[in-house]
Amino acid sequence: MCWDDEITLALRENLSQITTFLCFFSQPIKNLSNEVPEQPVLSPVSGCIYEKRLIIKYLREASTDPINGQPLTEEQLIEVKVTPLSKPKPPSATSIPAILKMLQDEWDACMLHSFTLRQQLQTARQELSHVMYQHDAACRVIARLNKEVTAAREALATLKPQAGISQAMPMQHGNEQLAQNSHTAGSDISQGSTAEGMNDEIIQKLQDKASVLTQLRKQRGKRVPEGLTSVEDMRSFRCSATHTAIHSASNPGILALDISPKNPSIILTGGNDRQAVVFNKDSEQVIATLKGHQKKVTHVIHHFEEDIAITGSSDSSIRVWHIPSAQCLKILKAHENPITGLSLHPTGDYVLSSSSDTFWALSDLRTGKLITKVQDTTSQRGLTCAQFHPDGIIFGIGTQESLIKIWDLKECNNVADFPGHAGSISAIAFSENGYYLATAAEDASIKLWDLRKLKNFKTITLEDRYEVRDLVFDQSGMYLGVAGTDVRVYQAKQWDLIKSFNDHTALATGIRFGSDANYLASSSMDRSLKFYQQLSQE
């Protein structure tokens with residue numbers, strides 16, 4: 001046999017095998033369920049693919065291939081590895097009711113989700129409210145602690161300058177009798193309200209002092225003090241210093257102010273915290289803190305020559321203090337109601353007081369005894385202020401009935417009335433020359449009265465709802481200071497406004513001039529003590 005015949009025979013045998021193989025795999029894929037099999041197996045007998053669980057069940061009954069009927073066993077089956085197929089979702093929206101049901105299900109799911117979100121929102125709001133309440137409580141605690149820290153610092157600042165003060169310094173300038181009548185340091189002497197009356201000795205003393213002061217006033221009236229601040233310099237005044245740590249922050253507000261005539265650097269203030277404070281302007285230190293009143297201190301006076309402070313309070317008492325030792329020497333009980341006015345007689349021995357109980361009283365500063373107590377029978381609602389004339393023979397009283405009354409001290413008689421205001425009288429002040437009286441009330445006006453003619457010659461109309469709390473003339477009588485809604489200075493005689501200051505953030509309650517009006521001091525309900533003067537040009 002030639003080589004060509006052998007090659008032809010081999011090709012025929014291979015072609016027969018390939019044909020058998022193609023026939024084997026070209027059989028259609030079938031199964032018993034007419035569905036895509038989940039676990040396909042191959043029958044080597046017929047070349048068909050079946051569902052495993054169905055063909056096994058069939059072989060247990062027939063043991064033959066379902067296609068060609070040839071014998072077939074379970075062991076002969078060949079598992080086919082294929083990618084798992086997911087069954088398609090059967091169509092549901094095939095009708096209007098089905099579509100409506102589907103939409104209803106979607107709506108219910110949305111509502112349920114919305115309800116869940118609202119519940120979560122309510123829970124978050126409750127938690128936020130609780131957190132905010134805790135934050136607010138924490139802020140209140142912090143504010144209270146800051147207030148206590150501020151009060152402690154103020155107390156510490158007050159104690160430091162007093163550390164070296166001796167407890168019982170001797171009184172000066174004829175004050176031996178006051179020291180002898182005092183108990184040990186820190187003890188108070190309370191006097192009754194029985195008046196001893198104006199005797200001849202007191203009247204003669206008052207008259208002698210008035211004569212001397214009249215002569216001195218006439219001599220001073222002929223010339224202007226050389227060092228007096230000019231009007232132009234007064235216009236250039238600016239706030240030079242502010243002190244807010246003098247009184248306690250727990251009860252803010254300074255209600256009264258005075259400057260020592262002997263040492264203009266010494267400032268005396270009375271506060272809402274029931275304390276009076278002696279402050280040194282130059283060293284910016286608290287010299288003494290006078291504690292003892294049970295209510296706010298509404299009036300303070302520094303003695304003309306001695307280290308004595310006089311304070312009036314809403315607790316209806318007047319206290320006399322020795323400043324170097326910060327001890328109370330006398331308690332004057334001349335009234336039953338709060339003190340509304342306080343003025344020291346030019347002799348330096350007697351103090352005039354007024355009260356809302358419609359009485360005015362004169363007390364002896366040295367002995368603490370009540371000399372006289374007179375009721376203003378025409379005043380039904382009480383007295384509001386009191387001020388001695390520079391000579392000390394007459395004095396002015398303000399009432400809640402809009403009247404200013406002039407009284408003769410020796411005779412204890414009402415000698416003149418000044419009507420014209422509307423509302424309660426808030427402040428009065430006599431000029432140094434003794435000719436003029438300035439008054440203020442709740443009618444937002446200041447009236448100037450000529451005491452020689454007993455008539456009103458000038459009315460300064462202020463802004464609407466302007467409040468006046470204090471009036472004062474400087475020692476020369478050239479300037480009139482006003483404290484209230486703001487702080488302002490007027491020029492006497494012309495009565496023109498020179499300067500107004502708006503540095504306080506609350507109502508100003510006191511105003512005083514320094515020596516020769518070289519500076520101005522004011523107090524306020526904003527707890528601050530401010531000084532104004534001409535600042536040096538840099």
# chains A, B, ... in the order shown; residues from 1 in each chain; ligands from 1
$ select_by_dssp --residues "range 217-340 of chain A" --states "strand (DSSP E or B)" --output "number ranges by chain"
A: 237-243, 254-259, 266-271, 275-280, 285-291, 297-302, 308-313, 318-322, 327-332, 339-340
$ residues_around --residues "range 389-402 of chain A" --least-positions-apart "4" --cutoff "8 Å" --atoms "only C-alpha atoms" --output "PDB file with N, CA, C and O atoms, in the first residue's frame"
ATOM      1  N   LEU A 206     -24.174 130.293 116.301  1.00  0.00           N
ATOM      2  CA  LEU A 206     -24.581 130.361 114.902  1.00  0.00           C
ATOM      3  C   LEU A 206     -24.464 131.790 114.366  1.00  0.00           C
ATOM      4  O   LEU A 206     -24.005 132.018 113.244  1.00  0.00           O
ATOM      5  N   GLN A 207     -24.859 132.753 115.186  1.00  0.00           N
ATOM      6  CA  GLN A 207     -24.816 134.147 114.757  1.00  0.00           C
ATOM      7  C   GLN A 207     -23.385 134.629 114.567  1.00  0.00           C
ATOM      8  O   GLN A 207     -23.081 135.328 113.600  1.00  0.00           O
ATOM      9  N   LYS A 209     -20.753 132.845 113.833  1.00  0.00           N
ATOM     10  CA  LYS A 209     -20.195 132.230 112.637  1.00  0.00           C
ATOM     11  C   LYS A 209     -20.729 132.885 111.371  1.00  0.00           C
ATOM     12  O   LYS A 209     -19.988 133.112 110.404  1.00  0.00           O
ATOM     13  N   ALA A 210     -22.000 133.222 111.375  1.00  0.00           N
ATOM     14  CA  ALA A 210     -22.597 133.854 110.209  1.00  0.00           C
ATOM     15  C   ALA A 210     -21.967 135.217 109.941  1.00  0.00           C
ATOM     16  O   ALA A 210     -21.725 135.596 108.789  1.00  0.00           O
ATOM     17  N   SER A 211     -21.657 135.976 110.988  1.00  0.00           N
ATOM     18  CA  SER A 211     -21.036 137.296 110.831  1.00  0.00           C
ATOM     19  C   SER A 211     -19.647 137.161 110.213  1.00  0.00           C
ATOM     20  O   SER A 211     -19.282 137.919 109.304  1.00  0.00           O
ATOM     21  N   LEU A 213     -18.482 134.679 108.373  1.00  0.00           N
ATOM     22  CA  LEU A 213     -18.582 134.193 106.992  1.00  0.00           C
ATOM     23  C   LEU A 213     -19.069 135.282 106.049  1.00  0.00           C
ATOM     24  O   LEU A 213     -18.652 135.345 104.892  1.00  0.00           O
ATOM     25  N   THR A 214     -19.949 136.148 106.532  1.00  0.00           N
ATOM     26  CA  THR A 214     -20.432 137.242 105.686  1.00  0.00           C
ATOM     27  C   THR A 214     -19.294 138.175 105.309  1.00  0.00           C
ATOM     28  O   THR A 214     -19.171 138.597 104.146  1.00  0.00           O
ATOM     29  N   HIS A 345     -23.443 122.151 108.865  1.00  0.00           N
ATOM     30  CA  HIS A 345     -23.429 123.591 109.173  1.00  0.00           C
ATOM     31  C   HIS A 345     -22.008 124.138 109.042  1.00  0.00           C
ATOM     32  O   HIS A 345     -21.035 123.419 109.301  1.00  0.00           O
ATOM     33  N   PRO A 346     -21.850 125.406 108.633  1.00  0.00           N
ATOM     34  CA  PRO A 346     -20.504 125.988 108.477  1.00  0.00           C
ATOM     35  C   PRO A 346     -19.645 125.928 109.729  1.00  0.00           C
ATOM     36  O   PRO A 346     -18.411 125.966 109.636  1.00  0.00           O
ATOM     37  N   SER A 354     -33.120 115.872 106.508  1.00  0.00           N
ATOM     38  CA  SER A 354     -34.540 115.829 106.149  1.00  0.00           C
ATOM     39  C   SER A 354     -34.910 114.388 105.841  1.00  0.00           C
ATOM     40  O   SER A 354     -34.050 113.554 105.536  1.00  0.00           O
ATOM     41  N   SER A 379     -46.457 119.840 104.141  1.00  0.00           N
ATOM     42  CA  SER A 379     -46.005 118.764 103.267  1.00  0.00           C
ATOM     43  C   SER A 379     -46.662 117.458 103.694  1.00  0.00           C
ATOM     44  O   SER A 379     -46.507 117.012 104.836  1.00  0.00           O
ATOM     45  N   GLN A 380     -47.398 116.881 102.784  1.00  0.00           N
ATOM     46  CA  GLN A 380     -48.123 115.653 103.095  1.00  0.00           C
ATOM     47  C   GLN A 380     -47.361 114.394 102.678  1.00  0.00           C
ATOM     48  O   GLN A 380     -47.598 113.315 103.217  1.00  0.00           O
ATOM     49  N   ARG A 381     -46.438 114.547 101.739  1.00  0.00           N
ATOM     50  CA  ARG A 381     -45.763 113.363 101.189  1.00  0.00           C
ATOM     51  C   ARG A 381     -44.288 113.276 101.541  1.00  0.00           C
ATOM     52  O   ARG A 381     -43.610 112.346 101.120  1.00  0.00           O
ATOM     53  N   GLY A 382     -43.779 114.224 102.288  1.00  0.00           N
ATOM     54  CA  GLY A 382     -42.402 114.117 102.743  1.00  0.00           C
ATOM     55  C   GLY A 382     -41.478 115.129 102.102  1.00  0.00           C
ATOM     56  O   GLY A 382     -41.795 115.764 101.093  1.00  0.00           O
ATOM     57  N   LEU A 383     -40.298 115.282 102.715  1.00  0.00           N
ATOM     58  CA  LEU A 383     -39.265 116.190 102.235  1.00  0.00           C
ATOM     59  C   LEU A 383     -38.279 115.423 101.357  1.00  0.00           C
ATOM     60  O   LEU A 383     -38.075 114.219 101.547  1.00  0.00           O
ATOM     61  N   THR A 384     -37.661 116.122 100.439  1.00  0.00           N
ATOM     62  CA  THR A 384     -36.813 115.443  99.452  1.00  0.00           C
ATOM     63  C   THR A 384     -35.340 115.834  99.523  1.00  0.00           C
ATOM     64  O   THR A 384     -34.483 115.060  99.101  1.00  0.00           O
ATOM     65  N   CYS A 385     -35.018 117.024 100.017  1.00  0.00           N
ATOM     66  CA  CYS A 385     -33.621 117.455 100.080  1.00  0.00           C
ATOM     67  C   CYS A 385     -33.487 118.610 101.072  1.00  0.00           C
ATOM     68  O   CYS A 385     -34.481 119.252 101.436  1.00  0.00           O
ATOM     69  N   ILE A 406     -37.738 128.033 102.448  1.00  0.00           N
ATOM     70  CA  ILE A 406     -36.600 128.617 103.161  1.00  0.00           C
ATOM     71  C   ILE A 406     -36.976 128.755 104.622  1.00  0.00           C
ATOM     72  O   ILE A 406     -38.009 129.343 104.960  1.00  0.00           O
ATOM     73  N   TRP A 407     -36.113 128.213 105.478  1.00  0.00           N
ATOM     74  CA  TRP A 407     -36.363 128.216 106.926  1.00  0.00           C
ATOM     75  C   TRP A 407     -35.288 129.042 107.637  1.00  0.00           C
ATOM     76  O   TRP A 407     -34.128 129.044 107.232  1.00  0.00           O
ATOM     77  N   ASP A 408     -35.728 129.710 108.714  1.00  0.00           N
ATOM     78  CA  ASP A 408     -34.814 130.406 109.625  1.00  0.00           C
ATOM     79  C   ASP A 408     -34.420 129.424 110.714  1.00  0.00           C
ATOM     80  O   ASP A 408     -35.284 128.909 111.439  1.00  0.00           O
ATOM     81  N   LEU A 409     -33.106 129.164 110.831  1.00  0.00           N
ATOM     82  CA  LEU A 409     -32.653 128.147 111.776  1.00  0.00           C
ATOM     83  C   LEU A 409     -32.853 128.583 113.221  1.00  0.00           C
ATOM     84  O   LEU A 409     -33.226 127.768 114.070  1.00  0.00           O
ATOM     85  N   LYS A 410     -32.599 129.846 113.519  1.00  0.00           N
ATOM     86  CA  LYS A 410     -32.705 130.309 114.912  1.00  0.00           C
ATOM     87  C   LYS A 410     -34.147 130.267 115.412  1.00  0.00           C
ATOM     88  O   LYS A 410     -34.413 129.842 116.539  1.00  0.00           O
ATOM     89  N   PRO A 419     -42.466 128.616  94.727  1.00  0.00           N
ATOM     90  CA  PRO A 419     -43.226 127.714  93.857  1.00  0.00           C
ATOM     91  C   PRO A 419     -42.802 127.900  92.401  1.00  0.00           C
ATOM     92  O   PRO A 419     -42.060 128.820  92.071  1.00  0.00           O
ATOM     93  N   GLY A 420     -43.279 127.020  91.566  1.00  0.00           N
ATOM     94  CA  GLY A 420     -42.987 127.158  90.146  1.00  0.00           C
ATOM     95  C   GLY A 420     -42.602 125.861  89.464  1.00  0.00           C
ATOM     96  O   GLY A 420     -42.813 125.703  88.258  1.00  0.00           O
ATOM     97  N   HIS A 421     -42.056 124.932  90.213  1.00  0.00           N
ATOM     98  CA  HIS A 421     -41.695 123.643  89.628  1.00  0.00           C
ATOM     99  C   HIS A 421     -42.928 122.748  89.485  1.00  0.00           C
ATOM    100  O   HIS A 421     -43.962 122.981  90.120  1.00  0.00           O
ATOM    101  N   ALA A 422     -42.795 121.737  88.686  1.00  0.00           N
ATOM    102  CA  ALA A 422     -43.814 120.694  88.551  1.00  0.00           C
ATOM    103  C   ALA A 422     -43.158 119.362  88.860  1.00  0.00           C
ATOM    104  O   ALA A 422     -42.189 118.975  88.217  1.00  0.00           O
ATOM    105  N   GLY A 423     -43.657 118.690  89.864  1.00  0.00           N
ATOM    106  CA  GLY A 423     -43.047 117.431  90.276  1.00  0.00           C
ATOM    107  C   GLY A 423     -42.205 117.601  91.525  1.00  0.00           C
ATOM    108  O   GLY A 423     -41.935 118.717  92.002  1.00  0.00           O
ATOM    109  N   SER A 424     -41.772 116.487  92.041  1.00  0.00           N
ATOM    110  CA  SER A 424     -40.989 116.484  93.283  1.00  0.00           C
ATOM    111  C   SER A 424     -39.642 117.189  93.081  1.00  0.00           C
ATOM    112  O   SER A 424     -38.985 117.024  92.054  1.00  0.00           O
ATOM    113  N   ILE A 425     -39.218 117.975  94.078  1.00  0.00           N
ATOM    114  CA  ILE A 425     -37.927 118.654  94.027  1.00  0.00           C
ATOM    115  C   ILE A 425     -36.831 117.608  94.217  1.00  0.00           C
ATOM    116  O   ILE A 425     -36.860 116.815  95.159  1.00  0.00           O
ATOM    117  N   SER A 426     -35.849 117.610  93.312  1.00  0.00           N
ATOM    118  CA  SER A 426     -34.807 116.583  93.340  1.00  0.00           C
ATOM    119  C   SER A 426     -33.474 117.090  93.876  1.00  0.00           C
ATOM    120  O   SER A 426     -32.683 116.310  94.395  1.00  0.00           O
ATOM    121  N   ALA A 427     -33.190 118.398  93.753  1.00  0.00           N
ATOM    122  CA  ALA A 427     -31.894 118.908  94.215  1.00  0.00           C
ATOM    123  C   ALA A 427     -31.975 120.418  94.382  1.00  0.00           C
ATOM    124  O   ALA A 427     -32.692 121.108  93.646  1.00  0.00           O
ATOM    125  N   ILE A 428     -31.217 120.941  95.361  1.00  0.00           N
ATOM    126  CA  ILE A 428     -31.077 122.384  95.546  1.00  0.00           C
ATOM    127  C   ILE A 428     -29.614 122.678  95.870  1.00  0.00           C
ATOM    128  O   ILE A 428     -28.890 121.821  96.399  1.00  0.00           O
ATOM    129  N   PHE A 430     -27.046 126.291  97.023  1.00  0.00           N
ATOM    130  CA  PHE A 430     -26.797 127.715  97.214  1.00  0.00           C
ATOM    131  C   PHE A 430     -25.453 128.074  96.594  1.00  0.00           C
ATOM    132  O   PHE A 430     -24.486 127.305  96.681  1.00  0.00           O
ATOM    133  N   SER A 431     -25.404 129.263  95.978  1.00  0.00           N
ATOM    134  CA  SER A 431     -24.130 129.735  95.444  1.00  0.00           C
ATOM    135  C   SER A 431     -23.238 130.197  96.590  1.00  0.00           C
ATOM    136  O   SER A 431     -23.708 130.526  97.686  1.00  0.00           O
ATOM    137  N   GLU A 432     -21.930 130.242  96.337  1.00  0.00           N
ATOM    138  CA  GLU A 432     -20.980 130.581  97.385  1.00  0.00           C
ATOM    139  C   GLU A 432     -21.178 132.006  97.879  1.00  0.00           C
ATOM    140  O   GLU A 432     -20.962 132.297  99.056  1.00  0.00           O
ATOM    141  N   ASN A 433     -21.580 132.918  97.006  1.00  0.00           N
ATOM    142  CA  ASN A 433     -21.793 134.295  97.454  1.00  0.00           C
ATOM    143  C   ASN A 433     -23.082 134.473  98.233  1.00  0.00           C
ATOM    144  O   ASN A 433     -23.341 135.548  98.794  1.00  0.00           O
ATOM    145  N   GLY A 434     -23.909 133.451  98.266  1.00  0.00           N
ATOM    146  CA  GLY A 434     -25.123 133.501  99.061  1.00  0.00           C
ATOM    147  C   GLY A 434     -26.281 134.217  98.416  1.00  0.00           C
ATOM    148  O   GLY A 434     -27.342 134.361  99.035  1.00  0.00           O
ATOM    149  N   ALA A 441     -36.235 119.836  89.610  1.00  0.00           N
ATOM    150  CA  ALA A 441     -37.351 118.950  89.933  1.00  0.00           C
ATOM    151  C   ALA A 441     -37.550 117.950  88.798  1.00  0.00           C
ATOM    152  O   ALA A 441     -36.722 117.840  87.888  1.00  0.00           O
TER     153      ALA A 441
END
$ atom_distance --atom1 "CA of Ser528 in chain A" --atom2 "CA of Asn337 in chain A"
27.9 Å
$ residues_around --residues "Ile259 in chain A" --least-positions-apart "2" --cutoff "9 Å" --atoms "only C-alpha atoms" --output "compact mmCIF listing (two decimals) with N, CA and C atoms, in the first residue's frame"
# COMPACT_ATOMS: atom_id res chain seq x y z
N LEU A 257 -21.86 111.61 96.51
CA LEU A 257 -20.47 111.98 96.25
C LEU A 257 -20.15 113.26 97.00
N PRO A 261 -12.97 119.41 101.45
CA PRO A 261 -12.50 120.79 101.20
C PRO A 261 -11.06 120.99 101.64
N LYS A 262 -10.64 120.27 102.65
CA LYS A 262 -9.27 120.41 103.16
C LYS A 262 -8.26 119.76 102.22
N ASN A 263 -8.58 118.59 101.72
CA ASN A 263 -7.70 117.85 100.80
C ASN A 263 -8.52 117.41 99.60
N PRO A 264 -8.48 118.17 98.50
CA PRO A 264 -9.32 117.85 97.34
C PRO A 264 -9.02 116.51 96.68
N SER A 265 -7.97 115.83 97.11
CA SER A 265 -7.68 114.52 96.54
C SER A 265 -8.49 113.41 97.21
N ILE A 266 -9.15 113.73 98.31
CA ILE A 266 -9.93 112.73 99.05
C ILE A 266 -11.37 112.80 98.59
N ILE A 267 -11.87 111.67 98.11
CA ILE A 267 -13.23 111.56 97.59
C ILE A 267 -14.03 110.62 98.50
N LEU A 268 -15.25 111.03 98.83
CA LEU A 268 -16.14 110.22 99.65
C LEU A 268 -17.36 109.85 98.83
N THR A 269 -17.68 108.57 98.79
CA THR A 269 -18.84 108.10 98.01
C THR A 269 -19.72 107.20 98.87
N ILE A 301 -21.12 113.32 103.44
CA ILE A 301 -20.49 114.63 103.64
C ILE A 301 -19.12 114.40 104.25
N HIS A 302 -18.11 115.04 103.69
CA HIS A 302 -16.78 115.04 104.29
C HIS A 302 -16.64 116.33 105.10
N ARG A 512 -19.15 117.07 91.82
CA ARG A 512 -18.42 117.98 92.70
C ARG A 512 -17.24 118.57 91.93
N PHE A 513 -16.87 119.82 92.32
CA PHE A 513 -15.72 120.49 91.73
C PHE A 513 -14.52 120.34 92.65
N GLY A 514 -13.34 120.18 92.05
CA GLY A 514 -12.11 120.19 92.82
C GLY A 514 -11.71 121.61 93.17
N ALA A 521 -15.54 115.80 89.38
CA ALA A 521 -15.79 114.39 89.73
C ALA A 521 -17.28 114.11 89.63
$ select_by_dssp --residues "range 219-385 of chain A" --states "helix (DSSP H, G or I)" --output "JSON, numbers by chain"
{"A": [219, 220, 221, 231, 232, 233, 234, 235]}
$ atom_distance --atom1 "CA of Asp307 in chain A" --atom2 "CA of Thr347 in chain A"
15.2 Å
$ residues_around --residues "Gly484 in chain A" --least-positions-apart "2" --cutoff "10 Å" --atoms "only C-alpha atoms" --output "list in words"
Tyr466, Glu467, Val468, Arg469, Asp470, Leu471, Val482, Asp486, Val487, Arg488, His504, Ala506, Leu507, Ala508, Thr509, Gly510, Ile511, Ser522, Ser523 and Ser524 of chain A
$ closest_atom_pairs --of "range 304-394 of chain A" --to "range 284-300 of chain A" --cutoff "9 Å" --atoms "only C-alpha atoms" --output "Markdown table"
| residue | atom | partner | partner_atom | distance |
| --- | --- | --- | --- | --- |
| A:Ala309 | CA | A:Val300 | CA | 7.1 |
| A:Ile310 | CA | A:Val300 | CA | 5.7 |
| A:Thr311 | CA | A:Val300 | CA | 4.5 |
| A:Gly312 | CA | A:His299 | CA | 4.9 |
| A:Ser313 | CA | A:Val297 | CA | 4.3 |
| A:Ser314 | CA | A:Lys295 | CA | 5.5 |
| A:Asp315 | CA | A:Lys295 | CA | 5.2 |
| A:Ser316 | CA | A:Lys295 | CA | 8.9 |
| A:Ser317 | CA | A:His293 | CA | 7.8 |
| A:Ile318 | CA | A:His293 | CA | 8.8 |
| A:Arg319 | CA | A:His293 | CA | 8.1 |
| A:Trp321 | CA | A:Leu290 | CA | 7.4 |
| A:Ile323 | CA | A:Ala288 | CA | 6.5 |
| A:Pro324 | CA | A:Ala288 | CA | 7.1 |
| A:Ser325 | CA | A:Ala288 | CA | 7.8 |
| A:Ala326 | CA | A:Leu290 | CA | 5.6 |
| A:Gln327 | CA | A:Leu290 | CA | 7.2 |
| A:Cys328 | CA | A:Gly292 | CA | 7.7 |
| A:Ile339 | CA | A:Thr298 | CA | 7.5 |
| A:Thr340 | CA | A:Thr298 | CA | 7.5 |
| A:Gly341 | CA | A:His299 | CA | 7.0 |
| A:Leu342 | CA | A:His299 | CA | 6.3 |
| A:Ser343 | CA | A:Val300 | CA | 8.9 |
$ write_last_selection --atoms "N, CA and C atoms" --output "PDB file, in the first residue's frame"
ATOM      1  N   ALA A 309     -16.377 111.649 108.427  1.00  0.00           N
ATOM      2  CA  ALA A 309     -17.366 111.477 107.364  1.00  0.00           C
ATOM      3  C   ALA A 309     -18.741 111.343 107.987  1.00  0.00           C
ATOM      4  N   ILE A 310     -19.735 111.905 107.334  1.00  0.00           N
ATOM      5  CA  ILE A 310     -21.123 111.835 107.799  1.00  0.00           C
ATOM      6  C   ILE A 310     -21.937 111.191 106.677  1.00  0.00           C
ATOM      7  N   THR A 311     -22.689 110.172 107.019  1.00  0.00           N
ATOM      8  CA  THR A 311     -23.452 109.442 106.007  1.00  0.00           C
ATOM      9  C   THR A 311     -24.914 109.324 106.419  1.00  0.00           C
ATOM     10  N   GLY A 312     -25.803 109.441 105.441  1.00  0.00           N
ATOM     11  CA  GLY A 312     -27.227 109.227 105.658  1.00  0.00           C
ATOM     12  C   GLY A 312     -27.701 108.066 104.815  1.00  0.00           C
ATOM     13  N   SER A 313     -28.668 107.323 105.333  1.00  0.00           N
ATOM     14  CA  SER A 313     -29.064 106.076 104.675  1.00  0.00           C
ATOM     15  C   SER A 313     -30.577 105.926 104.660  1.00  0.00           C
ATOM     16  N   SER A 314     -31.015 105.002 103.823  1.00  0.00           N
ATOM     17  CA  SER A 314     -32.438 104.662 103.779  1.00  0.00           C
ATOM     18  C   SER A 314     -32.879 103.887 105.018  1.00  0.00           C
ATOM     19  N   ASP A 315     -31.925 103.494 105.869  1.00  0.00           N
ATOM     20  CA  ASP A 315     -32.297 102.824 107.118  1.00  0.00           C
ATOM     21  C   ASP A 315     -32.686 103.822 108.200  1.00  0.00           C
ATOM     22  N   SER A 316     -32.855 105.108 107.816  1.00  0.00           N
ATOM     23  CA  SER A 316     -33.315 106.215 108.672  1.00  0.00           C
ATOM     24  C   SER A 316     -32.274 106.670 109.685  1.00  0.00           C
ATOM     25  N   SER A 317     -31.030 106.240 109.539  1.00  0.00           N
ATOM     26  CA  SER A 317     -29.994 106.634 110.490  1.00  0.00           C
ATOM     27  C   SER A 317     -28.940 107.509 109.828  1.00  0.00           C
ATOM     28  N   ILE A 318     -28.275 108.319 110.663  1.00  0.00           N
ATOM     29  CA  ILE A 318     -27.133 109.128 110.240  1.00  0.00           C
ATOM     30  C   ILE A 318     -25.944 108.663 111.068  1.00  0.00           C
ATOM     31  N   ARG A 319     -24.844 108.376 110.393  1.00  0.00           N
ATOM     32  CA  ARG A 319     -23.669 107.877 111.103  1.00  0.00           C
ATOM     33  C   ARG A 319     -22.504 108.842 110.931  1.00  0.00           C
ATOM     34  N   TRP A 321     -18.366 109.012 111.215  1.00  0.00           N
ATOM     35  CA  TRP A 321     -17.258 108.067 111.100  1.00  0.00           C
ATOM     36  C   TRP A 321     -15.924 108.765 111.308  1.00  0.00           C
ATOM     37  N   ILE A 323     -12.481 108.545 109.848  1.00  0.00           N
ATOM     38  CA  ILE A 323     -11.989 107.970 108.596  1.00  0.00           C
ATOM     39  C   ILE A 323     -10.704 107.160 108.774  1.00  0.00           C
ATOM     40  N   PRO A 324      -9.677 107.660 109.490  1.00  0.00           N
ATOM     41  CA  PRO A 324      -8.438 106.866 109.576  1.00  0.00           C
ATOM     42  C   PRO A 324      -8.637 105.464 110.152  1.00  0.00           C
ATOM     43  N   SER A 325      -9.533 105.325 111.115  1.00  0.00           N
ATOM     44  CA  SER A 325      -9.759 103.998 111.715  1.00  0.00           C
ATOM     45  C   SER A 325     -10.969 103.289 111.123  1.00  0.00           C
ATOM     46  N   ALA A 326     -11.721 103.978 110.269  1.00  0.00           N
ATOM     47  CA  ALA A 326     -12.926 103.414 109.645  1.00  0.00           C
ATOM     48  C   ALA A 326     -13.931 102.943 110.685  1.00  0.00           C
ATOM     49  N   GLN A 327     -13.982 103.659 111.828  1.00  0.00           N
ATOM     50  CA  GLN A 327     -14.880 103.279 112.900  1.00  0.00           C
ATOM     51  C   GLN A 327     -16.047 104.264 113.007  1.00  0.00           C
ATOM     52  N   CYS A 328     -17.218 103.728 113.358  1.00  0.00           N
ATOM     53  CA  CYS A 328     -18.399 104.561 113.549  1.00  0.00           C
ATOM     54  C   CYS A 328     -18.358 105.166 114.955  1.00  0.00           C
ATOM     55  N   ILE A 339     -33.544 108.808 105.126  1.00  0.00           N
ATOM     56  CA  ILE A 339     -32.950 110.143 105.054  1.00  0.00           C
ATOM     57  C   ILE A 339     -32.976 110.596 103.595  1.00  0.00           C
ATOM     58  N   THR A 340     -33.488 111.816 103.358  1.00  0.00           N
ATOM     59  CA  THR A 340     -33.567 112.345 101.993  1.00  0.00           C
ATOM     60  C   THR A 340     -32.657 113.548 101.768  1.00  0.00           C
ATOM     61  N   GLY A 341     -32.150 114.143 102.848  1.00  0.00           N
ATOM     62  CA  GLY A 341     -31.269 115.297 102.707  1.00  0.00           C
ATOM     63  C   GLY A 341     -30.302 115.378 103.872  1.00  0.00           C
ATOM     64  N   LEU A 342     -29.079 115.879 103.593  1.00  0.00           N
ATOM     65  CA  LEU A 342     -28.045 115.968 104.628  1.00  0.00           C
ATOM     66  C   LEU A 342     -27.152 117.161 104.300  1.00  0.00           C
ATOM     67  N   SER A 343     -26.899 118.009 105.320  1.00  0.00           N
ATOM     68  CA  SER A 343     -26.061 119.189 105.110  1.00  0.00           C
ATOM     69  C   SER A 343     -25.346 119.524 106.402  1.00  0.00           C
TER      70      SER A 343
END
$ atom_distance --atom1 "CA of Ala245 in chain A" --atom2 "CA of Leu344 in chain A"
28.2 Å
$ closest_residue --among "A:Ala276, A:Ala138, A:Met234, A:Ala241" --to "Asp258 in chain A" --atoms "only C-alpha atoms"
A:Ala276
$ closest_residue --among "A:Asn280, A:Thr229, A:Asn413, A:Thr459" --to "Ser515 in chain A" --atoms "only C-alpha atoms"
A:Thr229
